[in-house]
Amino acid sequence: FVARSSLDLVAPSEEFWTFLGVDESMKVEYKFLKKYHRREGVINKKDKIIYEYQIVLTNNKQSEEEIVLWDQVPITQNESIIVELIEPTYEKDSDKLKKNEFNYLEWFFTLQPGEKVEVPFVFSVEHPKGVMVTGL
């Protein structure tokens, strides 16, 4: 694959970011674990669907690597549908986990050579009975 591209001018000591392609020595597995339903409410019945995923990062390099992992909590356009992040627990931005206005989570890791990290990702989608939820 050959391509042409241009970069903004960068001073010799200035940092910049660019994507150079897939790094074959870093392994990322996105595993779907399970999905289960719950019925809640006595009068106003609601369905709650819980999705459980696990993201596994493995550093197969001989050097320490800094990794930023992104994933998005689903966004609803229907006010009767409520999406809640269950795991990881997020209260505010920290050095290890941040969340932006588009519901993207950013995890920050420093992986040692051969190190493997398992990241749980669990969220729930609550909606009134009879409302169809698509796109998950």
# chains A, B, ... in the order shown; residues from 1 in each chain; ligands from 1
>>> residues_around(residues="region 77-82 of chain A", least_positions_apart="6", cutoff="10 Å", atoms="only C-alpha atoms", output="list in words")
Lys46, Asp47, Lys48, Ser124, Val125, Glu126, His127, Pro128, Val131, Met132 and Val133 of chain A
>>> residues_around(residues="Val122 (chain A)", least_positions_apart="4", cutoff="9 Å", atoms="only C-alpha atoms", output="VMD selection string")
chain A and resid 50 to 54 84 to 88
>>> residues_around(residues="Leu97 (chain A)", least_positions_apart="5", cutoff="9 Å", atoms="only C-alpha atoms", output="PyMOL selection string")
chain A and resi 88+90+92+105-108
>>> residues_around(residues="Tyr30 (chain A)", least_positions_apart="3", cutoff="12 Å", atoms="only C-alpha atoms", output="list in words")
Lys27, Leu33, Glu52, Tyr53, Gln54, Ile55, Val56, Leu57, Thr58, Leu69, Trp70, Asp71, Glu118, Val119, Pro120 and Phe121 of chain A
>>> atom_distance(atom1="CA of His37 (chain A)", atom2="CA of Ile49 (chain A)")
4.5 Å
>>> select_by_dssp(residues="chain A", states="strand (DSSP E or B)", output="PyMOL selection string")
chain A and resi 26-40+46-59+65-72+82-87+97-99+104-111+116-128
>>> closest_residue(among="A:Glu24, A:Lys129, A:Val2, A:Glu15", to="Asn59 (chain A)", atoms="only C-alpha atoms")
A:Glu24
>>> residues_around(residues="Lys61 (chain A)", least_positions_apart="2", cutoff="12 Å", atoms="only C-alpha atoms", output="PyMOL selection string")
chain A and resi 23-27+58-59+63-66+111-116
>>> atom_distance(atom1="CA of Asp95 (chain A)", atom2="CA of Val73 (chain A)")
19.3 Å
>>> atom_distance(atom1="CA of Lys99 (chain A)", atom2="CA of Ile67 (chain A)")
16.0 Å
>>> closest_residue(among="A:Asn100, A:Lys35, A:Lys45, A:Thr110", to="Phe123 (chain A)", atoms="only C-alpha atoms")
A:Lys35
